[in-house]
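Novice: The structure under discussion is supplied below as structure tokens; questions concerning it will follow.
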Amino acid sequence: MHIPESLQDLADSEAVRFLKRPKTVGRIFAGVFSLIVFSSLLTDGYQNKTDSSQLQCILNSNHVACSFAVGAGLLSFLSCLAFLALDAHENRIASTRFKTAFQLLDFILAVVWVGTWFLGFCFLANQWQHSPPKQFLLGSSSAKTAITFAFFSILIWIFQAHLALQDLRNDAPVPYKRSLDEGGLVLTTLSPPSASSPINMPTAGSNSMSYASSALSPYLTTPKVPRLAMMPDN
């Protein structure tokens, strides 16, 4: 199958390669799941009872449950958009410290969102379980949808935390590596020559002999033995 050159260029473009990254795909799914959670409860999460015209939260008439789901979903969606924008400019970051700080922040926020969605899922499921049946005419499907995608959000943020930890381990700077390498170079330079290493010995000339003796000093110079002096008897 022949692919036009324009489509090949499109497939090899930087934008398509960015969208194919696992981290980008994970952020898109996390944002979509958060959007579903807060939009489902924001639109149909507040209904009136059969015997009253006042709007109540469909999750056991608990306004805290609906407010928590809407707030968490909105903040999670905005954080996904913000980190997608930062990921798009990640290659332009020249500072190693800023890049490491960004990766560390990514990992910390992913762990925080894992805990937040886990608590949210347990809280929403508990309130829905204690809700009286047929209390509201509408909104049951929205509540089930919010609870389901709150559970999916736990999984996708665990995946995001795993990817952030991998990036943090792979791109972590090694401090003092250059200084250690330089120290090894200095030690190698100052180390005495081994017996197996070839030494260029001069062939003739007094100047060559003095140069050879100075080149081999102080490692190959034979230490002088102290002389014993005989003291005369008184």
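A note on labels: chains of the structure tokens are A, B, ... as shown, every chain counts residues from 1, and ligands are counted from 1 in their shown order.
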Skipping near chain neighbours, those fewer than 6 positions away, what residues fall within 9 Å of Cys66 (chain A) using only C-alpha atoms, listed as a list of chain:residue names?
Specialist: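 My reading of the contact set: A:Phe38, A:Leu41, A:Leu42, A:Gly45, A:Tyr46, A:Cys57, A:Ile58, A:Leu59, A:Leu124.
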Novice: Output N, CA and C atoms for every residue in that selection, as a compact mmCIF listing (two decimals), in the first residue's frame.
Specialist:
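See part-v2.txt below for the written result:
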```txt
# COMPACT_ATOMS: atom_id res chain seq x y z
N PHE A 38 -16.89 15.15 36.75
CA PHE A 38 -17.49 16.41 37.24
C PHE A 38 -18.62 16.89 36.36
N LEU A 41 -22.00 14.88 37.32
CA LEU A 41 -22.65 15.33 38.56
C LEU A 41 -23.00 16.80 38.51
N LEU A 42 -22.34 17.57 37.68
CA LEU A 42 -22.67 18.99 37.59
C LEU A 42 -23.98 19.21 36.85
N GLY A 45 -26.42 15.89 38.75
CA GLY A 45 -26.16 15.48 40.12
C GLY A 45 -27.11 16.07 41.14
N TYR A 46 -27.79 17.09 40.78
CA TYR A 46 -28.74 17.75 41.70
C TYR A 46 -30.15 17.62 41.12
N CYS A 57 -28.63 16.65 46.32
CA CYS A 57 -27.62 15.79 45.68
C CYS A 57 -28.16 14.37 45.60
N ILE A 58 -27.97 13.74 44.46
CA ILE A 58 -28.51 12.40 44.27
C ILE A 58 -27.75 11.35 45.07
N LEU A 59 -26.60 11.71 45.63
CA LEU A 59 -25.81 10.78 46.44
C LEU A 59 -26.22 10.95 47.90
N LEU A 124 -17.99 8.23 47.36
CA LEU A 124 -19.15 8.27 46.46
C LEU A 124 -19.90 6.94 46.45
```
Novice: Write out as a ChimeraX atom specification each polymer residue whose atoms come within 10 Å of Ser79 (chain A), counting only C-alpha atoms; drop sequence neighbours fewer than 6 positions from it.
Specialist: /A:27,30-31,73,85,106,109
Novice: Convert the current residue selection to file output with N, CA, C and O atoms, as a PDB file, in the first residue's frame.
Specialist:
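For reference, result16.pdb as written:
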```
ATOM      1  N   ARG A  27      -2.205  11.157  30.177  1.00  0.00           N
ATOM      2  CA  ARG A  27      -2.770  12.448  30.600  1.00  0.00           C
ATOM      3  C   ARG A  27      -4.097  12.721  29.897  1.00  0.00           C
ATOM      4  O   ARG A  27      -5.023  13.285  30.494  1.00  0.00           O
ATOM      5  N   ALA A  30      -6.685  10.580  31.598  1.00  0.00           N
ATOM      6  CA  ALA A  30      -6.972  11.103  32.938  1.00  0.00           C
ATOM      7  C   ALA A  30      -7.843  12.355  32.857  1.00  0.00           C
ATOM      8  O   ALA A  30      -8.775  12.532  33.659  1.00  0.00           O
ATOM      9  N   GLY A  31      -7.549  13.215  31.885  1.00  0.00           N
ATOM     10  CA  GLY A  31      -8.376  14.404  31.709  1.00  0.00           C
ATOM     11  C   GLY A  31      -9.800  14.080  31.271  1.00  0.00           C
ATOM     12  O   GLY A  31     -10.760  14.699  31.750  1.00  0.00           O
ATOM     13  N   GLY A  73     -12.880  16.576  40.130  1.00  0.00           N
ATOM     14  CA  GLY A  73     -12.841  16.360  38.687  1.00  0.00           C
ATOM     15  C   GLY A  73     -12.367  17.580  37.929  1.00  0.00           C
ATOM     16  O   GLY A  73     -11.578  17.472  36.979  1.00  0.00           O
ATOM     17  N   ALA A  85       0.617  20.939  28.541  1.00  0.00           N
ATOM     18  CA  ALA A  85       1.315  22.093  27.984  1.00  0.00           C
ATOM     19  C   ALA A  85       2.794  22.095  28.363  1.00  0.00           C
ATOM     20  O   ALA A  85       3.662  22.439  27.554  1.00  0.00           O
ATOM     21  N   ASP A 106       5.640  16.265  39.057  1.00  0.00           N
ATOM     22  CA  ASP A 106       4.732  15.374  38.331  1.00  0.00           C
ATOM     23  C   ASP A 106       4.465  14.099  39.128  1.00  0.00           C
ATOM     24  O   ASP A 106       3.323  13.639  39.240  1.00  0.00           O
ATOM     25  N   LEU A 109       2.302  14.949  42.375  1.00  0.00           N
ATOM     26  CA  LEU A 109       0.896  15.207  42.058  1.00  0.00           C
ATOM     27  C   LEU A 109       0.181  13.937  41.617  1.00  0.00           C
ATOM     28  O   LEU A 109      -1.010  13.751  41.935  1.00  0.00           O
TER      29      LEU A 109
END
```
Novice: With distances taken over only C-alpha atoms, which of A:Phe107, A:Lys99, A:Ala69, A:Ser61 is nearest to Leu163 (chain A)?
Specialist: A:Phe107
Novice: Taking into account only C-alpha atoms, which residue in the set A:Asn170, A:Ser142, A:Ser153, A:Gln54 is nearest to Ser34 (chain A)?
Specialist: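 Among the listed residues, the smallest separation from Ser34 (chain A) belongs to A:Ser153.
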Novice: If you run DSSP on the backbone, which residues of region 132-173 of chain A are helix (DSSP H, G or I), as an MDAnalysis selection string?
Specialist: chainID A and resid 140:170
Novice: Would you output that residue set with N, CA, C and O atoms, as a compact mmCIF listing (two decimals), in the first residue's frame?
Specialist:
```
# COMPACT_ATOMS: atom_id res chain seq x y z
N SER A 140 -29.81 8.75 38.45
CA SER A 140 -29.15 7.52 38.90
C SER A 140 -28.03 7.11 37.95
O SER A 140 -26.96 6.65 38.38
N SER A 141 -28.24 7.28 36.66
CA SER A 141 -27.19 6.92 35.70
C SER A 141 -25.98 7.84 35.82
O SER A 141 -24.83 7.40 35.67
N SER A 142 -26.21 9.10 36.12
CA SER A 142 -25.10 10.03 36.31
C SER A 142 -24.28 9.67 37.53
O SER A 142 -23.04 9.76 37.51
N ALA A 143 -24.94 9.25 38.59
CA ALA A 143 -24.22 8.85 39.80
C ALA A 143 -23.37 7.61 39.54
O ALA A 143 -22.20 7.54 39.95
N LYS A 144 -23.93 6.63 38.85
CA LYS A 144 -23.17 5.42 38.53
C LYS A 144 -21.99 5.73 37.61
O LYS A 144 -20.90 5.16 37.76
N THR A 145 -22.20 6.64 36.67
CA THR A 145 -21.12 7.02 35.76
C THR A 145 -19.98 7.69 36.52
O THR A 145 -18.79 7.41 36.28
N ALA A 146 -20.32 8.60 37.43
CA ALA A 146 -19.29 9.30 38.20
C ALA A 146 -18.50 8.33 39.07
O ALA A 146 -17.27 8.42 39.17
N ILE A 147 -19.17 7.38 39.69
CA ILE A 147 -18.48 6.41 40.54
C ILE A 147 -17.58 5.50 39.70
O ILE A 147 -16.45 5.19 40.09
N THR A 148 -18.07 5.09 38.54
CA THR A 148 -17.28 4.20 37.67
C THR A 148 -16.01 4.88 37.19
O THR A 148 -14.91 4.30 37.26
N PHE A 149 -16.13 6.11 36.71
CA PHE A 149 -14.95 6.79 36.19
C PHE A 149 -14.05 7.33 37.30
O PHE A 149 -12.87 7.62 37.04
N ALA A 150 -14.56 7.46 38.51
CA ALA A 150 -13.68 7.75 39.64
C ALA A 150 -12.76 6.56 39.92
O ALA A 150 -11.58 6.74 40.24
N PHE A 151 -13.30 5.35 39.75
CA PHE A 151 -12.45 4.16 39.90
C PHE A 151 -11.43 4.07 38.77
O PHE A 151 -10.25 3.74 39.01
N PHE A 152 -11.84 4.36 37.54
CA PHE A 152 -10.89 4.35 36.43
C PHE A 152 -9.80 5.40 36.60
O PHE A 152 -8.65 5.20 36.16
N SER A 153 -10.14 6.50 37.25
CA SER A 153 -9.15 7.55 37.48
C SER A 153 -8.05 7.07 38.43
O SER A 153 -6.89 7.50 38.30
N ILE A 154 -8.38 6.20 39.36
CA ILE A 154 -7.35 5.63 40.24
C ILE A 154 -6.31 4.88 39.42
O ILE A 154 -5.10 5.06 39.60
N LEU A 155 -6.77 4.06 38.51
CA LEU A 155 -5.86 3.24 37.70
C LEU A 155 -5.00 4.10 36.79
O LEU A 155 -3.78 3.86 36.65
N ILE A 156 -5.59 5.10 36.15
CA ILE A 156 -4.83 5.90 35.21
C ILE A 156 -3.81 6.78 35.92
O ILE A 156 -2.70 7.01 35.42
N TRP A 157 -4.11 7.22 37.14
CA TRP A 157 -3.13 8.02 37.88
C TRP A 157 -2.04 7.15 38.48
O TRP A 157 -0.91 7.62 38.68
N ILE A 158 -2.32 5.90 38.77
CA ILE A 158 -1.24 4.97 39.16
C ILE A 158 -0.29 4.79 37.99
O ILE A 158 0.95 4.76 38.16
N PHE A 159 -0.83 4.67 36.79
CA PHE A 159 0.00 4.57 35.59
C PHE A 159 0.83 5.83 35.39
O PHE A 159 2.02 5.77 35.05
N GLN A 160 0.23 6.98 35.63
CA GLN A 160 0.96 8.24 35.51
C GLN A 160 2.08 8.35 36.55
O GLN A 160 3.18 8.83 36.24
N ALA A 161 1.83 7.90 37.76
CA ALA A 161 2.87 7.92 38.79
C ALA A 161 4.02 6.99 38.43
O ALA A 161 5.19 7.31 38.68
N HIS A 162 3.70 5.85 37.84
CA HIS A 162 4.75 4.92 37.41
C HIS A 162 5.62 5.53 36.32
O HIS A 162 6.87 5.43 36.37
N LEU A 163 5.01 6.18 35.35
CA LEU A 163 5.79 6.81 34.29
C LEU A 163 6.64 7.97 34.82
O LEU A 163 7.79 8.15 34.41
N ALA A 164 6.07 8.74 35.74
CA ALA A 164 6.84 9.85 36.31
C ALA A 164 8.03 9.35 37.11
O ALA A 164 9.11 9.94 37.09
N LEU A 165 7.85 8.24 37.83
CA LEU A 165 8.96 7.68 38.60
C LEU A 165 10.04 7.14 37.67
O LEU A 165 11.24 7.28 37.95
N GLN A 166 9.65 6.55 36.56
CA GLN A 166 10.64 6.07 35.59
C GLN A 166 11.44 7.23 35.00
O GLN A 166 12.67 7.15 34.88
N ASP A 167 10.76 8.31 34.64
CA ASP A 167 11.47 9.48 34.10
C ASP A 167 12.40 10.08 35.14
O ASP A 167 13.50 10.54 34.82
N LEU A 168 11.96 10.07 36.39
CA LEU A 168 12.79 10.63 37.46
C LEU A 168 14.04 9.79 37.69
O LEU A 168 15.12 10.32 37.95
N ARG A 169 13.91 8.49 37.56
CA ARG A 169 15.08 7.62 37.73
C ARG A 169 16.02 7.69 36.53
O ARG A 169 17.24 7.67 36.70
N ASN A 170 15.47 7.77 35.35
CA ASN A 170 16.32 7.77 34.15
C ASN A 170 17.06 9.07 33.96
O ASN A 170 18.21 9.08 33.51
```
Novice: Considering only C-alpha atoms, can you say which of A:Leu86, A:Ala110, A:Asn62, A:Phe121 comes closest to Val37 (chain A)?
Specialist: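 Looking only at the distances to Val37 (chain A), the closest residue turns out to be A:Phe121.
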Novice: For the atom pair CA of Ala125 (chain A) and CA of Ala72 (chain A), what is the interatomic distance in Å to one decimal place?
Specialist: 15.4 Å
Novice: Calculate how many Å separate CA of Leu35 (chain A) from CA of Leu55 (chain A), rounding to one decimal.
Specialist: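 So the two atoms, CA of Leu35 (chain A) and CA of Leu55 (chain A), lie 22.5 Å apart.
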Novice: Measuring between only C-alpha atoms, which one of A:Ser39, A:Cys122, A:Leu105, A:Glu14 shows the shortest distance to Ser67 (chain A)?
Specialist: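 Smallest separation from Ser67 (chain A) among the options: A:Ser39.
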